[in-house]
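Q: Take a look at upload.txt, compact mmCIF, C-alpha atoms:
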```txt
# COMPACT_ATOMS: atom_id res chain seq x y z
CA MET A 1 18.58 77.84 1.07
CA GLU A 2 20.74 75.15 2.66
CA TYR A 3 21.04 71.82 0.82
CA ILE A 4 22.39 68.56 2.22
CA PHE A 5 23.69 65.88 -0.13
CA SER A 6 24.75 62.38 0.86
CA VAL A 7 27.06 61.11 -1.85
CA LEU A 8 28.45 57.58 -2.02
CA VAL A 9 31.70 57.54 -3.99
CA GLU A 10 34.43 55.12 -4.89
CA ASN A 11 37.20 55.39 -2.33
CA LYS A 12 39.95 56.60 -4.71
CA PRO A 13 42.42 59.49 -4.78
CA GLY A 14 41.13 62.66 -6.45
CA VAL A 15 37.41 62.02 -5.96
CA LEU A 16 37.03 64.70 -3.29
CA ALA A 17 38.82 67.25 -5.48
CA ARG A 18 36.56 66.54 -8.47
CA ILE A 19 33.39 66.83 -6.41
CA SER A 20 34.40 70.02 -4.61
CA GLN A 21 35.42 71.51 -7.98
CA LEU A 22 31.90 70.92 -9.26
CA PHE A 23 30.54 73.20 -6.49
CA SER A 24 33.27 75.85 -6.67
CA ALA A 25 32.97 76.12 -10.46
CA ARG A 26 29.43 77.34 -9.91
CA GLY A 27 30.46 79.79 -7.19
CA TYR A 28 28.95 77.88 -4.27
CA ASN A 29 30.79 77.55 -0.99
CA ILE A 30 30.58 74.20 0.74
CA THR A 31 29.69 75.13 4.33
CA SER A 32 30.19 71.63 5.73
CA LEU A 33 31.90 68.55 4.34
CA THR A 34 32.53 65.18 5.95
CA VAL A 35 34.01 62.15 4.27
CA GLY A 36 34.65 58.67 5.58
CA GLU A 37 34.67 55.03 4.58
CA THR A 38 31.43 53.10 4.81
CA ASP A 39 31.12 49.48 5.90
CA ASP A 40 32.59 48.69 2.46
CA PRO A 41 36.20 49.99 2.38
CA THR A 42 35.95 50.62 -1.38
CA ILE A 43 33.11 53.14 -0.85
CA SER A 44 33.15 56.45 1.05
CA ARG A 45 30.21 58.60 2.12
CA MET A 46 30.45 62.34 1.62
CA THR A 47 27.98 64.60 3.41
CA ILE A 48 28.00 67.98 1.68
CA VAL A 49 26.14 71.02 3.00
CA VAL A 50 25.93 74.01 0.66
CA ASP A 51 23.85 77.17 0.34
CA GLY A 52 22.26 77.74 -3.05
CA ASP A 53 19.06 78.01 -4.99
CA GLU A 54 16.89 75.08 -6.01
CA LYS A 55 17.47 75.32 -9.76
CA ILE A 56 21.27 75.26 -9.48
CA MET A 57 21.25 72.53 -6.82
CA ASP A 58 19.12 70.34 -9.10
CA GLN A 59 21.77 70.81 -11.81
CA VAL A 60 24.57 70.05 -9.35
CA LYS A 61 22.80 66.84 -8.27
CA LYS A 62 22.46 65.72 -11.90
CA GLN A 63 26.11 66.52 -12.60
CA LEU A 64 27.22 64.66 -9.47
CA ASN A 65 25.37 61.60 -10.73
CA LYS A 66 27.31 61.83 -14.03
CA LEU A 67 30.73 61.68 -12.36
CA ILE A 68 32.29 58.29 -12.93
CA ASP A 69 33.37 57.76 -9.29
CA VAL A 70 29.92 58.60 -7.86
CA VAL A 71 27.88 55.56 -6.87
CA LYS A 72 24.76 57.27 -5.49
CA VAL A 73 23.51 60.79 -4.65
CA VAL A 74 20.72 61.45 -2.17
CA ASP A 75 19.38 64.94 -1.52
CA LEU A 76 18.63 64.84 2.22
CA THR A 77 17.40 68.44 2.33
CA SER A 78 13.71 67.66 2.64
CA LEU A 79 13.96 64.13 4.04
CA PRO A 80 13.72 63.22 7.72
CA GLN A 81 17.31 62.71 8.79
CA ILE A 82 19.66 62.00 11.64
CA GLU A 83 22.39 64.63 11.87
CA ARG A 84 25.43 64.96 14.12
CA GLU A 85 28.61 67.02 14.43
CA LEU A 86 31.64 66.48 16.61
CA LEU A 87 33.31 69.32 18.51
CA LEU A 88 36.63 69.33 20.35
CA ILE A 89 37.11 72.57 22.26
CA LYS A 90 39.92 73.65 24.56
CA VAL A 91 38.86 76.32 27.05
CA ASN A 92 40.86 78.43 29.46
CA ALA A 93 40.00 77.03 32.90
CA ASP A 94 41.79 77.87 36.10
CA LYS A 95 40.68 76.07 39.25
CA LYS A 96 37.96 78.67 40.00
CA MET A 97 36.31 78.39 36.57
CA ARG A 98 36.68 74.63 36.19
CA SER A 99 33.50 73.73 38.11
CA GLU A 100 31.43 76.13 35.98
CA ILE A 101 32.79 74.57 32.79
CA ILE A 102 32.09 71.07 34.14
CA GLU A 103 28.46 72.12 34.80
CA ILE A 104 28.12 73.44 31.25
CA ALA A 105 29.62 70.20 29.93
CA GLU A 106 27.06 68.16 31.89
CA ILE A 107 24.15 70.23 30.57
CA PHE A 108 25.30 69.63 26.99
CA ARG A 109 26.27 66.00 27.66
CA ALA A 110 29.83 66.83 26.64
CA LYS A 111 32.78 64.78 27.86
CA ILE A 112 35.92 66.14 29.41
CA VAL A 113 38.71 64.49 27.43
CA ASP A 114 41.75 66.39 28.73
CA VAL A 115 42.62 68.60 31.68
CA SER A 116 45.72 70.65 32.51
CA ASP A 117 46.50 73.34 35.08
CA SER A 118 45.32 76.05 32.70
CA ASP A 119 42.65 74.49 30.44
CA VAL A 120 39.99 71.85 29.86
CA THR A 121 39.24 70.10 26.58
CA LEU A 122 35.67 68.99 25.92
CA GLU A 123 34.19 66.64 23.33
CA ALA A 124 30.59 67.14 22.29
CA THR A 125 28.38 65.61 19.63
CA GLY A 126 24.98 66.73 18.48
CA GLN A 127 23.05 68.75 15.97
CA LYS A 128 24.51 71.98 14.62
CA ASP A 129 22.35 74.16 16.89
CA LYS A 130 23.54 72.35 20.02
CA ILE A 131 27.20 72.69 19.00
CA ASP A 132 26.70 76.39 18.19
CA ALA A 133 25.05 76.99 21.59
CA LEU A 134 27.88 75.26 23.47
CA ILE A 135 30.51 77.31 21.66
CA LYS A 136 28.59 80.51 22.42
CA LEU A 137 28.49 79.70 26.14
CA LEU A 138 32.16 78.76 26.29
CA LYS A 139 33.31 81.97 24.56
CA GLY A 140 33.02 83.67 27.94
CA TYR A 141 35.82 81.43 29.26
CA LYS A 142 38.27 82.21 26.42
CA ILE A 143 38.43 79.46 23.83
CA LYS A 144 42.05 78.45 23.20
CA GLU A 145 41.44 76.02 20.34
CA LEU A 146 38.46 74.57 18.54
CA ALA A 147 38.10 71.74 16.02
CA ARG A 148 34.72 70.97 14.54
CA THR A 149 33.71 68.34 12.04
CA GLY A 150 31.17 69.00 9.39
CA ARG A 151 27.76 67.44 9.63
CA SER A 152 27.27 63.74 9.15
CA CYS A 153 23.76 62.80 8.08
CA LEU A 154 21.78 59.69 7.28
CA PRO A 155 18.13 59.48 6.23
CA ARG A 156 15.83 58.21 8.97
CA SER A 157 14.43 54.71 8.61
CA GLU A 158 10.78 54.48 7.71
```
Show the structure stored in the file as structure tokens.
A:
Amino acid sequence: MEYIFSVLVENKPGVLARISQLFSARGYNITSLTVGETDDPTISRMTIVVDGDEKIMDQVKKQLNKLIDVVKVVDLTSLPQIERELLLIKVNADKKMRSEIIEIAEIFRAKIVDVSDSDVTLEATGQKDKIDALIKLLKGYKIKELARTGRSCLPRSE
């Protein structure tokens, strides 16, 4: 099962390494990880997505809470949440294909952020499924480069 943790941590060197070590020591691969400062520059938010079983993830959550640099841990797995990813994708696009790629970009509400004689670079944000679907469609045009963030999540307001 996929688990999503939102972890507020002190913004200090080495915190990311200690937290990722906690998962790898148990043999779990982090499938998505985003980290960034919050409105308070001394605190960062980590969104960690990992596959695992419930018993082990409960242990991991408890151990995360014990780490000295961890301020707060929220398991977002079963909570209503807002989730987004960012994708930058450079696609082969000669003049004939460019209009097709622009149409695809419009359907997915992606932005064209760079154009050259031979390629187009798009920026898209959305849920994981949307990003996956856009990549799948653009594979037919030969993807030159792709950069994808991990998921960023916040619990929905009540």
Q: What are the closest atom pairs, with distances in Å to one decimal, for each residue of region 48-91 of chain A lying within 9 Å of region 33-43 of chain A, using only C-alpha atoms, rows by chain and rising residue number, as CSV?
A:
```
residue,atom,partner,partner_atom,distance
A:Ile48,CA,A:Leu33,CA,4.8
A:Val49,CA,A:Leu33,CA,6.4
A:Val50,CA,A:Leu33,CA,8.9
A:Val71,CA,A:Ile43,CA,8.3
```
Q: Interatomic distance between CA of Ser24 (chain A) and CA of Asp53 (chain A)?
A: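 Between these atoms lies a distance of 14.5 Å.
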Q: Could you list, as an MDAnalysis selection string, every residue within 7 Å of region 11-15 of chain A, counting all atoms listed in the file and ignoring same-chain residues fewer than 2 positions away?
A: chainID A and resid 9 17:19 42:44 69
Q: Counting all atoms listed in the file, what is within 8 Å of Leu76 (chain A), bar same-chain residues fewer than 6 positions away, as a list in words?
A: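 So the residues in contact are Tyr3, Ile4, Phe5, Ser6, Leu154 and Pro155 of chain A.
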Q: What is the CA of Tyr28 (chain A)-CA of Lys72 (chain A) distance in Å, reported with one decimal?
A: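 CA of Lys72 (chain A) lies at a distance of 21.1 Å from CA of Tyr28 (chain A).
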Q: Pull out region 128-154 of chain A, keep N, CA and C atoms, and write it as a tab-separated table (two decimals), in the first residue's frame.
A:
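What follows is the written file part.tsv:
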```tsv
chain	number	residue	atom	x	y	z
A	128	LYS	N	-0.73	13.06	-9.80
A	128	LYS	CA	0.15	12.05	-10.38
A	128	LYS	C	-0.44	11.44	-11.65
A	129	ASP	N	-1.72	11.09	-11.62
A	129	ASP	CA	-2.36	10.46	-12.77
A	129	ASP	C	-2.34	11.36	-14.01
A	130	LYS	N	-2.57	12.64	-13.81
A	130	LYS	CA	-2.54	13.60	-14.91
A	130	LYS	C	-1.14	13.69	-15.51
A	131	ILE	N	-0.14	13.77	-14.66
A	131	ILE	CA	1.25	13.86	-15.12
A	131	ILE	C	1.64	12.58	-15.87
A	132	ASP	N	1.25	11.43	-15.33
A	132	ASP	CA	1.53	10.15	-15.99
A	132	ASP	C	0.89	10.10	-17.38
A	133	ALA	N	-0.36	10.56	-17.48
A	133	ALA	CA	-1.08	10.53	-18.76
A	133	ALA	C	-0.43	11.45	-19.79
A	134	LEU	N	0.02	12.62	-19.36
A	134	LEU	CA	0.69	13.54	-20.28
A	134	LEU	C	1.99	12.94	-20.79
A	135	ILE	N	2.76	12.36	-19.91
A	135	ILE	CA	4.02	11.72	-20.33
A	135	ILE	C	3.73	10.60	-21.33
A	136	LYS	N	2.72	9.80	-21.06
A	136	LYS	CA	2.38	8.69	-21.95
A	136	LYS	C	2.04	9.20	-23.36
A	137	LEU	N	1.26	10.28	-23.43
A	137	LEU	CA	0.91	10.84	-24.74
A	137	LEU	C	2.12	11.41	-25.47
A	138	LEU	N	3.02	12.04	-24.72
A	138	LEU	CA	4.16	12.70	-25.35
A	138	LEU	C	5.27	11.72	-25.74
A	139	LYS	N	5.22	10.49	-25.25
A	139	LYS	CA	6.23	9.49	-25.63
A	139	LYS	C	6.25	9.27	-27.14
A	140	GLY	N	5.11	9.42	-27.79
A	140	GLY	CA	5.02	9.25	-29.22
A	140	GLY	C	5.77	10.32	-30.02
A	141	TYR	N	6.17	11.39	-29.36
A	141	TYR	CA	6.89	12.48	-30.02
A	141	TYR	C	8.38	12.49	-29.69
A	142	LYS	N	8.85	11.47	-29.01
A	142	LYS	CA	10.24	11.33	-28.57
A	142	LYS	C	10.60	12.37	-27.50
A	143	ILE	N	10.56	11.92	-26.28
A	143	ILE	CA	10.92	12.77	-25.15
A	143	ILE	C	12.44	12.89	-25.12
A	144	LYS	N	12.93	14.13	-25.11
A	144	LYS	CA	14.38	14.37	-25.06
A	144	LYS	C	14.87	14.42	-23.61
A	145	GLU	N	14.13	15.11	-22.76
A	145	GLU	CA	14.48	15.22	-21.35
A	145	GLU	C	13.21	15.37	-20.53
A	146	LEU	N	13.30	14.94	-19.29
A	146	LEU	CA	12.14	15.00	-18.40
A	146	LEU	C	12.64	15.23	-16.98
A	147	ALA	N	12.04	16.19	-16.29
A	147	ALA	CA	12.30	16.41	-14.87
A	147	ALA	C	10.95	16.49	-14.17
A	148	ARG	N	10.84	15.74	-13.11
A	148	ARG	CA	9.56	15.62	-12.41
A	148	ARG	C	9.81	15.75	-10.92
A	149	THR	N	9.02	16.59	-10.27
A	149	THR	CA	9.14	16.68	-8.82
A	149	THR	C	8.41	15.51	-8.21
A	150	GLY	N	8.61	15.31	-6.96
A	150	GLY	CA	7.76	14.38	-6.23
A	150	GLY	C	6.46	15.08	-5.90
A	151	ARG	N	5.61	14.38	-5.22
A	151	ARG	CA	4.31	14.95	-4.86
A	151	ARG	C	4.45	15.91	-3.69
A	152	SER	N	3.72	16.99	-3.77
A	152	SER	CA	3.55	17.89	-2.64
A	152	SER	C	2.10	17.77	-2.21
A	153	CYS	N	1.87	17.60	-0.92
A	153	CYS	CA	0.52	17.37	-0.42
A	153	CYS	C	0.27	18.20	0.83
A	154	LEU	N	-0.96	18.63	0.97
A	154	LEU	CA	-1.45	19.27	2.18
A	154	LEU	C	-2.82	18.67	2.49
```
